[in-house]
>>> print(open('run-v1.pdb').read())   # PDB, C-alpha atoms
ATOM      1  CA  MET J  24     -25.466   6.810  14.747
ATOM      2  CA  LYS J  25     -26.450   3.398  16.111
ATOM      3  CA  LEU J  26     -29.212   3.192  18.767
ATOM      4  CA  THR J  27     -26.918   1.107  20.988
ATOM      5  CA  SER J  28     -24.198   3.770  21.057
ATOM      6  CA  LEU J  29     -26.734   6.370  22.303
ATOM      7  CA  ILE J  30     -28.492   4.346  25.025
ATOM      8  CA  LEU J  31     -26.164   1.658  26.317
ATOM      9  CA  PRO J  32     -23.297   3.855  27.695
ATOM     10  CA  GLY J  33     -25.782   6.008  29.701
ATOM     11  CA  PHE J  34     -27.572   2.924  30.923
ATOM     12  CA  LEU J  35     -24.352   1.333  32.166
ATOM     13  CA  MET J  36     -23.274   4.537  33.911
ATOM     14  CA  THR J  37     -26.672   4.781  35.646
ATOM     15  CA  LEU J  38     -26.346   1.234  36.912
ATOM     16  CA  VAL J  39     -22.854   1.804  38.286
ATOM     17  CA  ILE J  40     -23.743   5.059  40.088
ATOM     18  CA  SER J  41     -27.101   3.881  41.384
ATOM     19  CA  TRP J  42     -25.767   0.705  42.900
ATOM     20  CA  ASN J  43     -22.501   1.949  44.397
ATOM     21  CA  GLY J  44     -24.145   2.242  47.793
ATOM     22  CA  LEU J  45     -26.396  -0.787  47.463
ATOM     23  CA  LEU J  46     -23.766  -3.319  46.448
ATOM     24  CA  ALA J  47     -22.163  -3.274  49.879
ATOM     25  CA  GLY J  48     -25.368  -4.547  51.456
ATOM     26  CA  GLN J  49     -26.188  -7.224  48.859
ATOM     27  CA  ALA J  50     -25.335 -10.869  48.955
ATOM     28  CA  PRO J  51     -22.169 -11.897  47.044
ATOM     29  CA  HIS J  52     -24.074 -13.651  44.251
ATOM     30  CA  HIS J  53     -26.061 -10.462  43.597
ATOM     31  CA  ASP J  54     -22.779  -8.512  43.151
ATOM     32  CA  ALA J  55     -21.454 -11.009  40.636
ATOM     33  CA  GLY J  56     -24.736 -11.073  38.766
ATOM     34  CA  LEU J  57     -24.892  -7.282  38.373
ATOM     35  CA  ALA J  58     -21.228  -7.081  37.308
ATOM     36  CA  GLY J  59     -21.885  -9.755  34.699
ATOM     37  CA  CYS J  60     -24.814  -7.825  33.265
ATOM     38  CA  ILE J  61     -22.790  -4.608  33.088
ATOM     39  CA  THR J  62     -19.858  -6.306  31.339
ATOM     40  CA  ASP J  63     -22.132  -8.482  29.170
ATOM     41  CA  THR J  64     -20.612 -11.801  30.287
ATOM     42  CA  GLN J  65     -22.142 -15.235  30.812
ATOM     43  CA  LEU J  66     -22.275 -14.526  34.554
ATOM     44  CA  CYS J  67     -25.162 -12.146  33.997
ATOM     45  CA  GLU J  68     -28.041 -12.825  36.384
ATOM     46  CA  VAL J  69     -30.832 -10.254  36.201
ATOM     47  CA  PRO J  70     -31.865  -9.620  39.867
ATOM     48  CA  ARG J  71     -35.455  -9.725  40.991
ATOM     49  CA  ALA J  72     -37.307  -6.421  41.098
ATOM     50  CA  GLU J  73     -37.748  -6.581  44.845
ATOM     51  CA  THR J  74     -33.964  -6.879  45.460
ATOM     52  CA  LEU J  75     -32.852  -4.303  42.840
ATOM     53  CA  PRO J  76     -35.833  -1.983  42.406
ATOM     54  CA  ASN J  77     -33.883   0.585  40.271
ATOM     55  CA  ILE J  78     -33.647  -1.787  37.247
ATOM     56  CA  SER J  79     -36.901  -1.157  35.443
ATOM     57  CA  ALA J  80     -38.681  -3.340  32.949
ATOM     58  CA  ALA J  81     -37.835  -0.722  30.283
ATOM     59  CA  ASP J  82     -34.116  -1.123  31.036
ATOM     60  CA  ILE J  83     -34.330  -4.886  30.719
ATOM     61  CA  ARG J  84     -36.332  -4.563  27.481
ATOM     62  CA  GLN J  85     -33.768  -2.111  26.092
ATOM     63  CA  ARG J  86     -30.985  -4.575  26.873
ATOM     64  CA  SER J  87     -32.956  -7.322  25.138
ATOM     65  CA  LEU J  88     -33.416  -5.072  22.096
ATOM     66  CA  THR J  89     -29.666  -4.395  22.017
ATOM     67  CA  ASN J  90     -28.901  -8.115  22.181
ATOM     68  CA  CYS J  91     -31.392  -8.822  19.401
ATOM     69  CA  LYS J  92     -29.846  -6.200  17.126
ATOM     70  CA  LYS J  93     -26.412  -7.715  17.712
ATOM     71  CA  GLY J  94     -27.752 -11.170  16.963
ATOM     72  CA  ASP J  95     -26.974 -12.520  20.460
ATOM     73  CA  VAL J  96     -28.540 -15.810  21.513
ATOM     74  CA  SER J  97     -29.862 -14.045  24.620
ATOM     75  CA  CYS J  98     -32.326 -12.105  22.473
ATOM     76  CA  ASP J  99     -35.881 -12.323  23.853
ATOM     77  CA  GLN J 100     -38.195 -10.921  21.211
ATOM     78  CA  SER J 101     -41.241 -11.556  23.397
ATOM     79  CA  ALA J 102     -40.051  -8.781  25.707
ATOM     80  CA  LEU J 103     -40.052  -6.179  22.904
ATOM     81  CA  THR J 104     -42.799  -3.686  22.158
ATOM     82  CA  GLU J 105     -44.243  -3.455  18.679
ATOM     83  CA  GLN J 106     -42.106  -0.393  17.906
ATOM     84  CA  GLU J 107     -38.947  -2.111  19.164
ATOM     85  CA  ALA J 108     -39.720  -5.243  17.154
ATOM     86  CA  THR J 109     -40.055  -3.065  14.049
ATOM     87  CA  ALA J 110     -36.710  -1.372  14.758
ATOM     88  CA  LEU J 111     -35.157  -4.808  15.140
ATOM     89  CA  ALA J 112     -36.572  -5.969  11.806
ATOM     90  CA  VAL J 113     -35.213  -2.848  10.083
ATOM     91  CA  ALA J 114     -31.753  -3.368  11.571
ATOM     92  CA  ARG J 115     -31.682  -7.028  10.534
ATOM     93  CA  HIS J 116     -32.799  -6.180   7.008
ATOM     94  CA  GLN J 117     -30.110  -3.512   6.604
ATOM     95  CA  ARG J 118     -27.443  -5.872   7.955
ATOM     96  CA  ASN J 119     -28.507  -8.520   5.444
ATOM     97  CA  VAL J 120     -28.413  -6.043   2.530
ATOM     98  CA  LEU J 121     -24.876  -4.980   3.485
ATOM     99  CA  GLY J 122     -23.816  -8.614   3.781
ATOM    100  CA  CYS J 123     -25.119  -9.352   0.292
ATOM    101  CA  MET J 124     -23.512  -6.189  -1.106
ATOM    102  CA  ASP J 125     -19.953  -6.697   0.260
ATOM    103  CA  GLY J 126     -19.976 -10.480  -0.124
ATOM    104  CA  ILE J 127     -18.223 -10.940   3.226
ATOM    105  CA  ALA J 128     -20.938 -11.177   5.863
ATOM    106  CA  ALA J 129     -23.884 -13.621   5.806
ATOM    107  CA  CYS J 130     -26.403 -12.978   3.039
ATOM    108  CA  ASN J 131     -29.985 -14.244   2.810
ATOM    109  CA  ARG J 132     -31.149 -13.372  -0.709
ATOM    110  CA  ALA J 133     -34.691 -14.422   0.095
ATOM    111  CA  MET J 134     -34.981 -11.399   2.415
ATOM    112  CA  LEU J 135     -34.079  -8.914  -0.355
ATOM    113  CA  THR J 136     -36.659  -6.821  -2.137
ATOM    114  CA  PRO J 137     -36.723  -7.088  -5.974
ATOM    115  CA  LYS J 138     -34.980  -3.709  -6.339
ATOM    116  CA  GLU J 139     -32.337  -4.630  -3.757
ATOM    117  CA  ALA J 140     -31.713  -7.951  -5.487
ATOM    118  CA  LEU J 141     -31.322  -6.142  -8.834
ATOM    119  CA  ALA J 142     -28.934  -3.543  -7.369
ATOM    120  CA  ILE J 143     -26.797  -6.253  -5.760
ATOM    121  CA  ALA J 144     -26.769  -8.301  -8.972
ATOM    122  CA  ASN J 145     -25.567  -5.237 -10.919
ATOM    123  CA  ALA J 146     -22.879  -4.545  -8.307
ATOM    124  CA  GLU J 147     -21.680  -8.154  -8.464
ATOM    125  CA  ARG J 148     -21.533  -7.944 -12.256
ATOM    126  CA  GLU J 149     -19.452  -4.749 -12.129
ATOM    127  CA  HIS J 150     -17.105  -6.316  -9.581
ATOM    128  CA  ASN J 151     -16.668  -9.349 -11.814
ATOM    129  CA  VAL J 152     -15.922  -7.195 -14.881
ATOM    130  CA  SER J 153     -13.405  -5.169 -12.851
ATOM    131  CA  ARG J 154     -11.641  -8.321 -11.643
ATOM    132  CA  CYS J 155     -11.506  -9.751 -15.147
ATOM    133  CA  LYS J 156     -10.077  -6.490 -16.537
ATOM    134  CA  GLY J 157      -7.410  -6.386 -13.841
ATOM    135  CA  GLY J 158      -6.526 -10.056 -14.165
ATOM    136  CA  TRP J 159      -7.629 -10.771 -10.602
ATOM    137  CA  ALA J 160      -9.404 -13.825  -9.244
ATOM    138  CA  PRO J 161     -12.153 -14.768  -9.104
ATOM    139  CA  CYS J 162     -13.161 -13.848 -12.640
ATOM    140  CA  ASP J 163     -16.134 -15.536 -14.319
ATOM    141  CA  SER J 164     -15.765 -14.760 -18.012
ATOM    142  CA  SER J 165     -18.760 -16.922 -18.870
ATOM    143  CA  VAL J 166     -21.207 -14.266 -17.659
ATOM    144  CA  LEU J 167     -19.587 -11.384 -19.583
ATOM    145  CA  SER J 168     -21.378  -9.698 -22.445
ATOM    146  CA  ALA J 169     -19.736  -9.212 -25.826
ATOM    147  CA  GLY J 170     -18.900  -5.604 -24.974
ATOM    148  CA  GLU J 171     -17.488  -6.598 -21.582
ATOM    149  CA  ARG J 172     -15.328  -9.306 -23.181
ATOM    150  CA  ALA J 173     -13.941  -6.716 -25.585
ATOM    151  CA  ALA J 174     -13.173  -4.365 -22.687
ATOM    152  CA  VAL J 175     -11.463  -7.178 -20.765
ATOM    153  CA  ALA J 176      -9.390  -8.117 -23.826
ATOM    154  CA  GLU J 177      -8.312  -4.497 -24.208
ATOM    155  CA  GLY J 178      -7.284  -4.389 -20.536
ATOM    156  CA  VAL J 179      -5.226  -7.579 -20.967
ATOM    157  CA  ALA J 180      -3.503  -6.124 -24.042
ATOM    158  CA  GLN J 181      -2.672  -2.883 -22.212
ATOM    159  CA  ARG J 182      -1.177  -4.741 -19.247
ATOM    160  CA  ASN J 183       0.918  -6.877 -21.578
ATOM    161  CA  LEU J 184       2.187  -3.808 -23.462
ATOM    162  CA  PHE J 185       3.164  -2.199 -20.153
ATOM    163  CA  ASP J 186       5.031  -5.357 -19.120
ATOM    164  CA  CYS J 187       6.878  -5.449 -22.457
ATOM    165  CA  LEU J 188       7.834  -1.766 -22.314
ATOM    166  CA  SER J 189       9.113  -2.348 -18.760
ATOM    167  CA  LEU J 190      11.138  -5.403 -19.936
ATOM    168  CA  MET J 191       9.285  -7.683 -17.525
ATOM    169  CA  ASP J 192       9.389 -11.474 -17.853
ATOM    170  CA  THR J 193       5.579 -11.563 -18.055
ATOM    171  CA  CYS J 194       5.698  -9.874 -21.475
ATOM    172  CA  ASN J 195       4.112 -11.877 -24.286
ATOM    173  CA  HIS J 196       5.696 -10.608 -27.499
ATOM    174  CA  LYS J 197       3.449 -12.777 -29.670
ATOM    175  CA  SER J 198       0.323 -10.874 -28.655
ATOM    176  CA  LEU J 199       1.782  -7.465 -29.590
ATOM    177  CA  THR J 200       0.623  -5.577 -32.643
ATOM    178  CA  HIS J 201       3.106  -4.430 -35.291
ATOM    179  CA  ALA J 202       3.143  -0.900 -33.881
ATOM    180  CA  GLU J 203       3.540  -2.196 -30.340
ATOM    181  CA  ARG J 204       6.496  -4.383 -31.350
ATOM    182  CA  ALA J 205       8.206  -1.306 -32.805
ATOM    183  CA  ALA J 206       7.598   0.669 -29.594
ATOM    184  CA  VAL J 207       8.890  -2.209 -27.445
ATOM    185  CA  SER J 208      11.981  -2.526 -29.659
ATOM    186  CA  ASP J 209      12.744   1.181 -29.196
ATOM    187  CA  ALA J 210      12.277   0.823 -25.430
ATOM    188  CA  GLU J 211      14.660  -2.130 -25.308
ATOM    189  CA  LYS J 212      17.308  -0.120 -27.206
ATOM    190  CA  GLU J 213      16.922   2.805 -24.809
ATOM    191  CA  HIS J 214      17.238   0.524 -21.793
ATOM    192  CA  ASN J 215      20.352  -1.092 -23.242
ATOM    193  CA  LEU J 216      21.954   2.272 -24.045
ATOM    194  CA  PHE J 217      21.220   3.429 -20.511
ATOM    195  CA  ASP J 218      22.863   0.298 -19.093
ATOM    196  CA  CYS J 219      25.916   0.739 -21.322
ATOM    197  CA  THR J 220      26.239   4.428 -20.474
ATOM    198  CA  ASN J 221      26.320   3.555 -16.780
ATOM    199  CA  GLY J 222      28.798   0.727 -17.310
ATOM    200  CA  TRP J 223      26.406  -1.977 -16.086
ATOM    201  CA  LYS J 224      26.922  -5.662 -16.859
ATOM    202  CA  THR J 225      23.510  -5.863 -18.530
ATOM    203  CA  CYS J 226      24.901  -3.749 -21.408
ATOM    204  CA  ASP J 227      24.929  -5.519 -24.787
ATOM    205  CA  ARG J 228      27.188  -3.536 -27.107
ATOM    206  CA  SER J 229      26.182  -5.630 -30.105
ATOM    207  CA  LYS J 230      22.687  -4.117 -29.900
ATOM    208  CA  LEU J 231      23.891  -0.528 -29.990
ATOM    209  CA  ALA J 232      23.198   1.580 -33.046
ATOM    210  CA  PRO J 233      26.333   3.052 -34.727
ATOM    211  CA  LYS J 234      25.607   6.552 -33.451
ATOM    212  CA  ASP J 235      24.940   5.244 -29.942
ATOM    213  CA  ALA J 236      28.191   3.256 -29.981
ATOM    214  CA  LEU J 237      30.083   6.420 -30.973
ATOM    215  CA  ILE J 238      28.426   8.466 -28.203
ATOM    216  CA  LEU J 239      29.205   5.738 -25.673
ATOM    217  CA  GLU J 240      32.845   5.562 -26.778
ATOM    218  CA  ARG J 241      33.257   9.313 -26.339
ATOM    219  CA  SER J 242      31.638   9.166 -22.929
ATOM    220  CA  GLU J 243      33.904   6.354 -21.797
ATOM    221  CA  ARG J 244      37.037   8.132 -23.047
ATOM    222  CA  GLN J 245      36.008  11.278 -21.172
ATOM    223  CA  ARG J 246      35.431   9.329 -17.947
ATOM    224  CA  ASN J 247      38.760   7.575 -18.345
ATOM    225  CA  TYR J 248      40.640  10.840 -18.913
ATOM    226  CA  SER J 249      38.999  12.355 -15.812
ATOM    227  CA  ALA J 250      40.025   9.297 -13.801
ATOM    228  CA  CYS J 251      43.617   9.637 -14.981
ATOM    229  CA  GLU J 252      43.670  13.368 -14.269
ATOM    230  CA  ASP J 253      42.414  12.682 -10.733
ATOM    231  CA  ARG J 254      44.928   9.832 -10.309
ATOM    232  CA  ASP J 255      42.030   7.435  -9.822
ATOM    233  CA  ALA J 256      42.685   3.703  -9.726
ATOM    234  CA  GLY J 257      40.218   3.224 -12.583
ATOM    235  CA  CYS J 258      42.472   5.110 -15.017
ATOM    236  CA  ASN J 259      43.543   3.146 -18.089
ATOM    237  CA  TYR J 260      46.469   4.968 -19.725
ATOM    238  CA  ALA J 261      46.274   2.649 -22.745
ATOM    239  CA  LEU J 262      42.978   4.270 -23.732
ATOM    240  CA  LEU J 263      44.443   7.790 -23.804
ATOM    241  CA  SER J 264      45.201   9.428 -27.114
ATOM    242  CA  ALA J 265      48.565  11.079 -27.834
ATOM    243  CA  SER J 266      47.117  14.548 -27.280
ATOM    244  CA  GLU J 267      45.490  13.454 -24.008
ATOM    245  CA  LEU J 268      48.793  11.987 -22.815
ATOM    246  CA  SER J 269      50.562  15.236 -23.680
ATOM    247  CA  VAL J 270      48.019  17.360 -21.795
ATOM    248  CA  LEU J 271      48.064  14.986 -18.842
ATOM    249  CA  LYS J 272      51.879  15.104 -18.755
ATOM    250  CA  ARG J 273      51.809  18.909 -18.400
ATOM    251  CA  VAL J 274      49.184  18.654 -15.667
ATOM    252  CA  GLU J 275      51.327  16.164 -13.758
ATOM    253  CA  GLN J 276      54.377  18.383 -14.175
ATOM    254  CA  ARG J 277      52.590  21.415 -12.689
ATOM    255  CA  ARG J 278      51.242  19.282  -9.879
ATOM    256  CA  ASN J 279      54.714  17.922  -9.077
ATOM    257  CA  ILE J 280      56.263  21.414  -9.042
ATOM    258  CA  SER J 281      53.540  22.651  -6.659
ATOM    259  CA  ALA J 282      54.039  19.684  -4.328
ATOM    260  CA  CYS J 283      57.798  20.222  -4.214
ATOM    261  CA  LYS J 284      57.457  23.951  -3.540
ATOM    262  CA  THR J 285      54.730  23.785  -0.894
ATOM    263  CA  GLY J 286      55.769  20.556   0.778
ATOM    264  CA  TYR J 287      52.261  19.106   0.360
ATOM    265  CA  GLY J 288      51.624  16.061  -1.803
ATOM    266  CA  TYR J 289      53.882  13.678  -3.699
ATOM    267  CA  CYS J 290      57.104  15.352  -4.971
ATOM    268  CA  ASP J 291      59.472  13.737  -7.482
ATOM    269  CA  ARG J 292      62.486  16.023  -7.550
ATOM    270  CA  SER J 293      64.104  13.987 -10.317
ATOM    271  CA  LYS J 294      61.552  15.446 -12.715
ATOM    272  CA  LEU J 295      62.374  19.056 -11.862
ATOM    273  CA  THR J 296      64.578  21.264 -14.034
ATOM    274  CA  ALA J 297      67.587  23.077 -12.543
ATOM    275  CA  GLU J 298      65.564  26.270 -12.254
ATOM    276  CA  GLU J 299      62.664  24.427 -10.618
ATOM    277  CA  LEU J 300      65.036  22.791  -8.164
ATOM    278  CA  ARG J 301      66.469  26.152  -7.259
ATOM    279  CA  THR J 302      63.118  27.810  -6.698
ATOM    280  CA  SER J 303      61.759  24.876  -4.697
ATOM    281  CA  GLN J 304      64.500  25.047  -2.019
TER     282      GLN J 304
END
>>> encode(input="run-v1.pdb", output="structure tokens")
Amino acid sequence: MKLTSLILPGFLMTLVISWNGLLAGQAPHHDAGLAGCITDTQLCEVPRAETLPNISAADIRQRSLTNCKKGDVSCDQSALTEQEATALAVARHQRNVLGCMDGIAACNRAMLTPKEALAIANAEREHNVSRCKGGWAPCDSSVLSAGERAAVAEGVAQRNLFDCLSLMDTCNHKSLTHAERAAVSDAEKEHNLFDCTNGWKTCDRSKLAPKDALILERSERQRNYSACEDRDAGCNYALLSASELSVLKRVEQRRNISACKTGYGYCDRSKLTAEELRTSQ
């Protein structure tokens, strides 16, 4: 836990409570000055000890230490004790190490110890290798070792194979091995069969294997017969075989008789026999 988070909230609360009664009797510029110090604004004016005796030198020094740790321009290192100056140096050193490690904040490499510099250099090298493997920028391939270059090349090949198997435009067929080309070819056939089975426009029937074409034809005939049986608009009677037409005719006949008898649905009485007409009265 940071030192500021432990001390500063209690310090601010003490100031507010202690000076609730005193603020009413102070001059207006004293009120503004104290409020500025509490809120850490540019209006801060530290009152003289004789006007605000409850603000001790330790409180002012603690505030200076907090400002120094945050890197504020209001930092007054001359007001710090030896122990506080040491704590400040430790905090600044840790902040610099983190800045060098994440590469985002300011980094002063001259302040690093030899071991810290080595650890950060190793971390930067690992980050660079990871970016090169993933195809992300920035990647400096010039600093890679032979083993790292081989690992990066393998990562590039794996990404390309994935793109080819997924039928992505980024696929580079020329860089595929013989075995990979065979696997990609099988994947393309499966994708095409799937598209054809679902009746999608991306289907290319010329690429279907004979057995796949036969399976697809059977599937389409079954869907068409179901559409005709359900009186769906997608029914194509020209695709029905003689046996399918015969079965469908009997189905339609039973459906017509039921409609005429029950009074529900379309009824074509001209298709009823004399007996059916009599029983449907």
>>> residues_around(input="run-v1.pdb", residues="region 275-288 of chain J", least_positions_apart="5", cutoff="8 Å", atoms="only C-alpha atoms", output="PDB file with C-alpha atoms, keeping the file's coordinate frame")
ATOM      1  CA  LYS J 294      61.552  15.446 -12.715  1.00  0.00           C
ATOM      2  CA  LEU J 295      62.374  19.056 -11.862  1.00  0.00           C
ATOM      3  CA  GLU J 299      62.664  24.427 -10.618  1.00  0.00           C
ATOM      4  CA  THR J 302      63.118  27.810  -6.698  1.00  0.00           C
ATOM      5  CA  SER J 303      61.759  24.876  -4.697  1.00  0.00           C
ATOM      6  CA  GLN J 304      64.500  25.047  -2.019  1.00  0.00           C
TER       7      GLN J 304
END
>>> resolve_selection(input="run-v1.pdb", expression="the PyMOL selection byres ((chain J and resi 227) around 12)", output="list in words")
Glu211, Lys212, Glu213, His214, Asn215, Leu216, Phe217, Asp218, Cys219, Thr220, Gly222, Trp223, Lys224, Thr225, Cys226, Arg228, Ser229, Lys230, Leu231, Ala232, Asp235 and Ala236 of chain J
>>> atom_distance(input="run-v1.pdb", atom1="CA of Ala129 (chain J)", atom2="CA of Leu167 (chain J)")
25.8 Å
>>> residues_around(input="run-v1.pdb", residues="Ala102 (chain J)", least_positions_apart="6", cutoff="10 Å", atoms="only C-alpha atoms", output="short mmCIF file (atom, residue, chain, number, x, y, z; two decimals) with C-alpha atoms, keeping the file's coordinate frame")
data_model
loop_
_atom_site.label_atom_id
_atom_site.label_comp_id
_atom_site.auth_asym_id
_atom_site.auth_seq_id
_atom_site.Cartn_x
_atom_site.Cartn_y
_atom_site.Cartn_z
CA ALA J 80 -38.68 -3.34 32.95
CA ALA J 81 -37.84 -0.72 30.28
CA ILE J 83 -34.33 -4.89 30.72
CA ARG J 84 -36.33 -4.56 27.48
CA GLN J 85 -33.77 -2.11 26.09
CA SER J 87 -32.96 -7.32 25.14
CA LEU J 88 -33.42 -5.07 22.10
CA ALA J 108 -39.72 -5.24 17.15
#
>>> atom_distance(input="run-v1.pdb", atom1="CA of Cys123 (chain J)", atom2="CA of Arg86 (chain J)")
27.6 Å
>>> residues_near_point(input="run-v1.pdb", point="(-34.8, -6.8, 1.1)", cutoff="12 Å", atoms="all atoms listed in the file", output="number ranges by chain")
J: 112-124, 130-143
>>> resolve_selection(input="run-v1.pdb", expression="the PyMOL selection byres ((chain J and resi 174-184) around 10)", output="ChimeraX atom specification")
/J:152-158,164,167-173,185-191,193-196,198-200,203-204,206-207
>>> atom_distance(input="run-v1.pdb", atom1="CA of Asn259 (chain J)", atom2="CA of Arg273 (chain J)")
17.8 Å
>>> resolve_selection(input="run-v1.pdb", expression="the PyMOL selection byres ((chain J and resi 246-254) around 12)", output="CSV table (one decimal) with C-alpha atoms, keeping the file's coordinate frame")
chain,number,residue,atom,x,y,z
J,220,THR,CA,26.2,4.4,-20.5
J,221,ASN,CA,26.3,3.6,-16.8
J,222,GLY,CA,28.8,0.7,-17.3
J,239,LEU,CA,29.2,5.7,-25.7
J,240,GLU,CA,32.8,5.6,-26.8
J,241,ARG,CA,33.3,9.3,-26.3
J,242,SER,CA,31.6,9.2,-22.9
J,243,GLU,CA,33.9,6.4,-21.8
J,244,ARG,CA,37.0,8.1,-23.0
J,245,GLN,CA,36.0,11.3,-21.2
J,255,ASP,CA,42.0,7.4,-9.8
J,256,ALA,CA,42.7,3.7,-9.7
J,257,GLY,CA,40.2,3.2,-12.6
J,258,CYS,CA,42.5,5.1,-15.0
J,259,ASN,CA,43.5,3.1,-18.1
J,260,TYR,CA,46.5,5.0,-19.7
J,261,ALA,CA,46.3,2.6,-22.7
J,262,LEU,CA,43.0,4.3,-23.7
J,263,LEU,CA,44.4,7.8,-23.8
J,264,SER,CA,45.2,9.4,-27.1
J,265,ALA,CA,48.6,11.1,-27.8
J,266,SER,CA,47.1,14.5,-27.3
J,267,GLU,CA,45.5,13.5,-24.0
J,268,LEU,CA,48.8,12.0,-22.8
J,269,SER,CA,50.6,15.2,-23.7
J,270,VAL,CA,48.0,17.4,-21.8
J,271,LEU,CA,48.1,15.0,-18.8
J,272,LYS,CA,51.9,15.1,-18.8
J,273,ARG,CA,51.8,18.9,-18.4
J,274,VAL,CA,49.2,18.7,-15.7
J,275,GLU,CA,51.3,16.2,-13.8
J,276,GLN,CA,54.4,18.4,-14.2
J,278,ARG,CA,51.2,19.3,-9.9
J,289,TYR,CA,53.9,13.7,-3.7
>>> closest_residue(input="run-v1.pdb", among="J:Ala202, J:Leu111, J:Ala128, J:Ile78", to="Cys91 (chain J)", atoms="all atoms listed in the file")
J:Leu111
>>> build_atoms(input="run-v1.pdb", residues="region 112-128 of chain J", atoms="N, CA and C atoms", output="mmCIF file, in the coordinates of the input")
data_model
loop_
_atom_site.group_PDB
_atom_site.id
_atom_site.type_symbol
_atom_site.label_atom_id
_atom_site.label_comp_id
_atom_site.auth_asym_id
_atom_site.auth_seq_id
_atom_site.Cartn_x
_atom_site.Cartn_y
_atom_site.Cartn_z
ATOM 1 N N ALA J 112 -36.417 -5.444 13.158
ATOM 2 C CA ALA J 112 -36.572 -5.969 11.806
ATOM 3 C C ALA J 112 -35.838 -5.096 10.795
ATOM 4 N N VAL J 113 -35.916 -3.775 10.981
ATOM 5 C CA VAL J 113 -35.213 -2.848 10.083
ATOM 6 C C VAL J 113 -33.706 -3.055 10.167
ATOM 7 N N ALA J 114 -33.202 -3.182 11.391
ATOM 8 C CA ALA J 114 -31.753 -3.368 11.571
ATOM 9 C C ALA J 114 -31.286 -4.673 10.941
ATOM 10 N N ARG J 115 -32.062 -5.736 11.114
ATOM 11 C CA ARG J 115 -31.682 -7.028 10.534
ATOM 12 C C ARG J 115 -31.719 -6.966 9.007
ATOM 13 N N HIS J 116 -32.699 -6.289 8.470
ATOM 14 C CA HIS J 116 -32.799 -6.180 7.008
ATOM 15 C C HIS J 116 -31.614 -5.410 6.433
ATOM 16 N N GLN J 117 -31.247 -4.310 7.081
ATOM 17 C CA GLN J 117 -30.110 -3.512 6.604
ATOM 18 C C GLN J 117 -28.813 -4.307 6.702
ATOM 19 N N ARG J 118 -28.656 -5.067 7.796
ATOM 20 C CA ARG J 118 -27.443 -5.872 7.955
ATOM 21 C C ARG J 118 -27.363 -6.933 6.869
ATOM 22 N N ASN J 119 -28.493 -7.501 6.491
ATOM 23 C CA ASN J 119 -28.507 -8.520 5.444
ATOM 24 C C ASN J 119 -28.175 -7.912 4.079
ATOM 25 N N VAL J 120 -28.708 -6.711 3.802
ATOM 26 C CA VAL J 120 -28.413 -6.043 2.530
ATOM 27 C C VAL J 120 -26.918 -5.757 2.416
ATOM 28 N N LEU J 121 -26.310 -5.257 3.501
ATOM 29 C CA LEU J 121 -24.876 -4.980 3.485
ATOM 30 C C LEU J 121 -24.067 -6.251 3.294
ATOM 31 N N GLY J 122 -24.514 -7.338 3.943
ATOM 32 C CA GLY J 122 -23.816 -8.614 3.781
ATOM 33 C C GLY J 122 -23.866 -9.111 2.350
ATOM 34 N N CYS J 123 -25.009 -8.943 1.690
ATOM 35 C CA CYS J 123 -25.119 -9.352 0.292
ATOM 36 C C CYS J 123 -24.303 -8.445 -0.623
ATOM 37 N N MET J 124 -24.206 -7.159 -0.265
ATOM 38 C CA MET J 124 -23.512 -6.189 -1.106
ATOM 39 C C MET J 124 -21.996 -6.386 -1.057
ATOM 40 N N ASP J 125 -21.415 -6.576 0.159
ATOM 41 C CA ASP J 125 -19.953 -6.697 0.260
ATOM 42 C C ASP J 125 -19.457 -8.118 0.058
ATOM 43 N N GLY J 126 -20.374 -9.100 0.120
ATOM 44 C CA GLY J 126 -19.976 -10.480 -0.124
ATOM 45 C C GLY J 126 -19.124 -11.079 0.968
ATOM 46 N N ILE J 127 -19.055 -10.442 2.129
ATOM 47 C CA ILE J 127 -18.223 -10.940 3.226
ATOM 48 C C ILE J 127 -19.091 -11.527 4.335
ATOM 49 N N ALA J 128 -20.056 -10.720 4.792
ATOM 50 C CA ALA J 128 -20.938 -11.177 5.863
ATOM 51 C C ALA J 128 -22.007 -12.112 5.297
#
